[in-house]
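Reviewing the structure listed below.
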Amino acid sequence: MINFDFEYCKPKTWAEAIKQYNNYRSQNKQVMYVAGATEFISRARMDEVNPEVIIDIKEIQECRVIHQQNSELIIGAAVTLTNVADSNVFPLLTKVVKQIATKTERNKITIGGNLMSNLPYKEGILPFLLADSKIVIATDKGLEKRSILQVFTDSINLRDGEFIVQIITDIEIIKQPFFTEKRTKQSSVNYPILTSAAIKVDGLTRVAFSGLCPYPFRLQQIENLVNDPSVKGEKRIQKIMKQLPAPIVEDMHATQKYRAFVFERIVSKIIEQMEAVS
Amino acid sequence: MDTQNLTYVGKDIPRIDLKDKAYGKVRYTNDESKPGTLSAALHISTHAHARLKHVDVNEALKSPGVHAVITGEDFPYQVGPLLGDRPPIAYKKVRYYGEPIAVVVADQEHQAKYAAGLIKVEYEPLPVLQSPREAIKKEAPLIHENMKDYTVMVKGVHSVPNTNIANLTKIRKGDMKTGWKESDITVEEKFSFKPADHAALETRVSRAEILKDGHVYIYSATQGPFYVQKLLSECFNIEPGKISVETPLVGGAFGGKGCVQLEFIVYLASRAVGGRMVSLVNTREEDLISSPVHIGLEANVKLGATKNGKLKAASYEFYFNTGGYSDMGAGMSKAGAVDCTGPYKIDHVHCDSYCVYTNMPYATSFRGFGHPELTFVMERAMDLLAEKLAIDPIELRLMNAIKPGDTTPTQTHLNSSNIGDVSSCLRRIKELINWSEGQSTTTQDGKVRTKGITSFWKTSSTPPNATAGVILIFNIDGSVNLNSAAIEHGQGTKTVLAQILAEKLQMDMKKIHVTMEVNTKYDPHQWKTVASSTTYLAGRAVMAAAEDAIFQLKQIGAVALKCLPADVVVGNGKVYIKDSPEFYVNIKDVAVGYKFPNGNSIGGLIIGGGSHIVRHLTPLDPETGYGKPGPQWTVGAQAIEVEYDPQEYTYKIIKAATVLDAGKVINPNAAIGQMRGGMYLGLSWASRETFMFNEEGRVLNPQFRSYDILRASEVPEYLVDFIETPLVDGPYGARGIGEYGVIGMAGALSNSLSIASGSSLNQLPLTPEFIWESVEGRND
């Protein structure tokens, strides 16, 4: 149960959403965008967030689309993970999002919400990082298209009041051979010790990971090593381990040592499997 | 085996609550609401061990809708089922993370919760104890400084003041010196697991109202309405007859609702607002950690055997981790001692079983009551012994299986009735799990398939006067209402009782109406619905009540039929003459008074009553454990088959099998369901369920998103079969079976994975990381 009062808005257009946000902010109110609202509800009942206003963007037309236009796949931020998976427009994304939470939750969780999640995992971002996708952002000045690799550091950096409307991905990349595997402490439904994703584009393997470090990552240095057959087996893995962007996480799901073991296993598997596809 | 020629017992009769459950029409405690009911909310501790320097409730009191805020100061007395050690609301100190510190009563639930968040607590942190082995050390800080002043509520609880020991049970059987001398070989091992939870779907919920005439009405999701009545009466000094407790169907319990906790709090809350009805519903987080949990254990075991595999001596040290308070932990530590050897004949036994306080959530009964825990320890040790002796694990168990004529660790004599047939269970499980194909095989893709085995036993740790009663009332159509205080929490107990009645009265099941809800005002007393004891206790009460009704029906029927009562029998809705069934009178015409054609009437209402009480049970001798702890021992054997990936240290549970000596299976389908449910619970616990703690004793996973539970997609294929060695005084020979499916699972899973991984896995839960660590550690 959420024990505090808040205002609820459900704008029909992105422009109206931005206007409402700015309006409430000018009254010094705490405002939060939601779509599936799963994270808002679970955090609000634990008193971890207490916004005075929530703006629900799931009725905004642009946020609800899944379609191909010319050579691009456009996915609205408010499309649920279930719909992303059922449409199967991006097979790697399908597999990755099906590993998130449970079906009941995926019926509510949206792809945009997952990318902007407060949790460190945001596994839905991995395929988009690999595909160099673009995100369409609603801003004061209109819709802006930015490269996901540019706006993403340890999370997607948006300015106050902005929200993701769509994610745009090159159709050609979607068709490339891929790999993904999620490892948990035990039950398949749990937070990841490690979620991995890889695709092979123009003969080169791209890799991205979640769960290992405090945030998801895709790094050029790591991909260079993954694609460098001159460094063999064990050694290559050891070199990759040295390129991680942050210390490996140690928490109730796994120790640092075990996460490292799982990472080594999965990286070898990725190299092995991606080398096998031409 | 079915020589009794039975009509309803032994048949797959659909559960009587099937339709209502399928249609979602069943009402649980929190489905009822009454206008004007106030809501209570808890403020719980953020420290595992701390002195409460100040609890500031001023802001909360000023918050909208708030009627009252109560703290430990409002009732600074200790309660508890066995040892009075727990204030219902923390008083002066907190002993576990999540312990209730204050209770807010408000008009609306959200107002109460909001105000509970405004309470400010000033803590003075104390050293936190997280291991019973640590807590038992002389220099360990005391969690209960005044234990010597605590009231022992039940004879047989032996706390040790100025230590953290809430109960100590000793078993001294035979002579250990002789036992070790006769042993050619010994194995010794340590075991451990932390507390976990029951994780029932329905969180605990209670309501209380105090009327102006002093009557107290409690509505609660409990396994023991009469137990709630008893404990509230003792605690608040209210006449038991003035306390009415109502319980509709319960949404899963697993022992966790045998504890009286919220009932105390909600009574105090109602008292604080002039007796108005107050409702308290646990959030999932509170249900996981504030309310009691599944006990933890650290143990040492040493077994001695001849080189041929005959067990000669066994020594055990059990350190049960009861958390901040003893509750039923003190009973489980005793139960663990009573049956420490498992179902094996061992002449020389030494056991010290401690119930130890730590700064973890406190323990109450968990399905199996100490037995899943002791069986994990003993059965792992049996496999280690088999390995050392190079004897097949099933053969070793068969060679030592306990039999009529042997004695238990507490020196109870076993006969052909009070113990089931261990050997037959083992032989049948061997077939079920296809043991002959080999205990370990390798698949084509490099995985290892292994099988693990356990055998187990359990007696019910009932108090020596545990009882149940049944009342039968007839309707004008000749149908019968069956009233008993057995709680339906999904196990099908009400269906089983109806089957026993149908058999006894030879009456169509459709003519038997069982009251599903329990109300202490109208239903006869029953101890609790726990300890696999309901089919036995309430089942015998049904038979006694049926006999009472039959006697009365015969009296009146004989008058109507102009013969002697001895000439008539009851069956098929009739009272008829034994040798001339065409002369009969319908039950409907005698059950509410028989009217002659001329209008004269005799008989009045027929009301059948009956009860049953366990007999000849005794408390244990404090020095030797000598005594009779329970009425009978149900036995069984279980097996697991896993597919293990030696590269990744992950595994899948492929098959889980149970063979149980049920005495007599009253409802085969329901019994199979009980075994499956038990195996599920045992596997979930053994493979993943545990609370995770940080250094300060904070529970890190008090939510289902992080408290891992076996998912429906991960359950194995279940195989179930029964052996039937009748319990002479059981209803139609039936033994208690409710808890048993869970008991051997942890042992069987650890045995199969120990073989698969080549590393002895003596901790729970059996996660891939733990297996990896054990195997890697061994390689180092």
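In the structure tokens, each chain is lettered A, B, ... as it comes, each chain's residues begin at 1, and ligands are numbered from 1 in order of appearance.
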
Surrounding residues of Ile672 (chain B) excluding itself and chain neighbours under 2 positions, 9 Å, only C-alpha atoms, as a PyMOL selection string: chain B and resi 667-670+674-677+719-722

Keeping C-alpha atoms, export the residues of the selection given above as an mmCIF file, in the first residue's frame.
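Below you can see part-v4.cif, which holds the result:
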```cif
data_model
loop_
_atom_site.group_PDB
_atom_site.id
_atom_site.type_symbol
_atom_site.label_atom_id
_atom_site.label_comp_id
_atom_site.auth_asym_id
_atom_site.auth_seq_id
_atom_site.Cartn_x
_atom_site.Cartn_y
_atom_site.Cartn_z
ATOM 1 C CA ASN B 667 -7.736 -40.413 -0.010
ATOM 2 C CA PRO B 668 -5.035 -41.488 -2.491
ATOM 3 C CA ASN B 669 -5.169 -38.398 -4.706
ATOM 4 C CA ALA B 670 -5.130 -36.046 -1.752
ATOM 5 C CA GLN B 674 0.328 -33.783 0.119
ATOM 6 C CA MET B 675 3.530 -35.637 -0.747
ATOM 7 C CA ARG B 676 4.117 -33.477 -3.830
ATOM 8 C CA GLY B 677 3.516 -30.297 -1.858
ATOM 9 C CA LEU B 719 6.818 -39.992 -8.067
ATOM 10 C CA VAL B 720 4.746 -41.111 -5.083
ATOM 11 C CA ASP B 721 3.790 -44.460 -3.660
ATOM 12 C CA PHE B 722 2.537 -45.744 -0.347
#
```

At most 7 Å to chain A: residues in chain B, only C-alpha atoms, as a PyMOL selection string: chain B and resi 110-111+113-114+688+692+705-706+708+710+767-769

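Taking the backbone of this structure through DSSP, the residues of region 394-437 of chain B that come out as strand (DSSP E or B) are Ala401, Thr407, His413 and Ile419 of chain B.
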
Polymer residues at most 6 Å from region 510-520 of chain B, only C-alpha atoms, same-chain spacing of 3 or more positions, as number ranges by chain: B: 244-248, 479-483, 485, 523

Store the residues of this selection in a file with N, CA and C atoms, as a short mmCIF file (atom, residue, chain, number, x, y, z; two decimals), in the first residue's frame.
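The file below, again.cif, is the result:
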```
data_model
loop_
_atom_site.label_atom_id
_atom_site.label_comp_id
_atom_site.auth_asym_id
_atom_site.auth_seq_id
_atom_site.Cartn_x
_atom_site.Cartn_y
_atom_site.Cartn_z
N SER B 244 -13.56 -15.59 22.04
CA SER B 244 -14.00 -16.36 20.89
C SER B 244 -13.04 -16.12 19.74
N VAL B 245 -12.61 -17.20 19.12
CA VAL B 245 -11.67 -17.07 18.00
C VAL B 245 -12.30 -17.69 16.76
N GLU B 246 -12.32 -16.92 15.69
CA GLU B 246 -12.88 -17.42 14.43
C GLU B 246 -11.81 -17.48 13.36
N THR B 247 -11.79 -18.58 12.64
CA THR B 247 -10.83 -18.76 11.55
C THR B 247 -11.53 -19.39 10.36
N PRO B 248 -11.57 -18.67 9.25
CA PRO B 248 -12.12 -19.31 8.05
C PRO B 248 -11.03 -20.18 7.42
N SER B 479 -29.43 -35.53 6.40
CA SER B 479 -28.01 -35.25 6.17
C SER B 479 -27.36 -34.80 7.49
N VAL B 480 -26.03 -34.79 7.52
CA VAL B 480 -25.30 -34.52 8.77
C VAL B 480 -24.38 -33.32 8.61
N ASN B 481 -24.36 -32.49 9.62
CA ASN B 481 -23.35 -31.41 9.68
C ASN B 481 -22.21 -31.88 10.56
N LEU B 482 -20.99 -31.76 10.03
CA LEU B 482 -19.81 -32.18 10.79
C LEU B 482 -19.08 -30.93 11.26
N ASN B 483 -18.98 -30.77 12.55
CA ASN B 483 -18.27 -29.63 13.11
C ASN B 483 -17.04 -30.08 13.87
N ALA B 485 -12.84 -28.45 14.97
CA ALA B 485 -11.97 -27.27 14.97
C ALA B 485 -10.69 -27.51 14.18
N ASP B 523 -17.50 -24.85 17.94
CA ASP B 523 -16.80 -26.10 17.62
C ASP B 523 -16.13 -26.65 18.87
#
```

DSSP-assigned helix (DSSP H, G or I) among region 232-262 of chain A, expressed as a VMD selection string: chain A and resid 233 to 241 256 to 262

A:Ile18, A:Val231, A:Ile168, A:Met116 ranked by distance to Lys145 (chain A), top pick (using only C-alpha atoms): A:Ile168
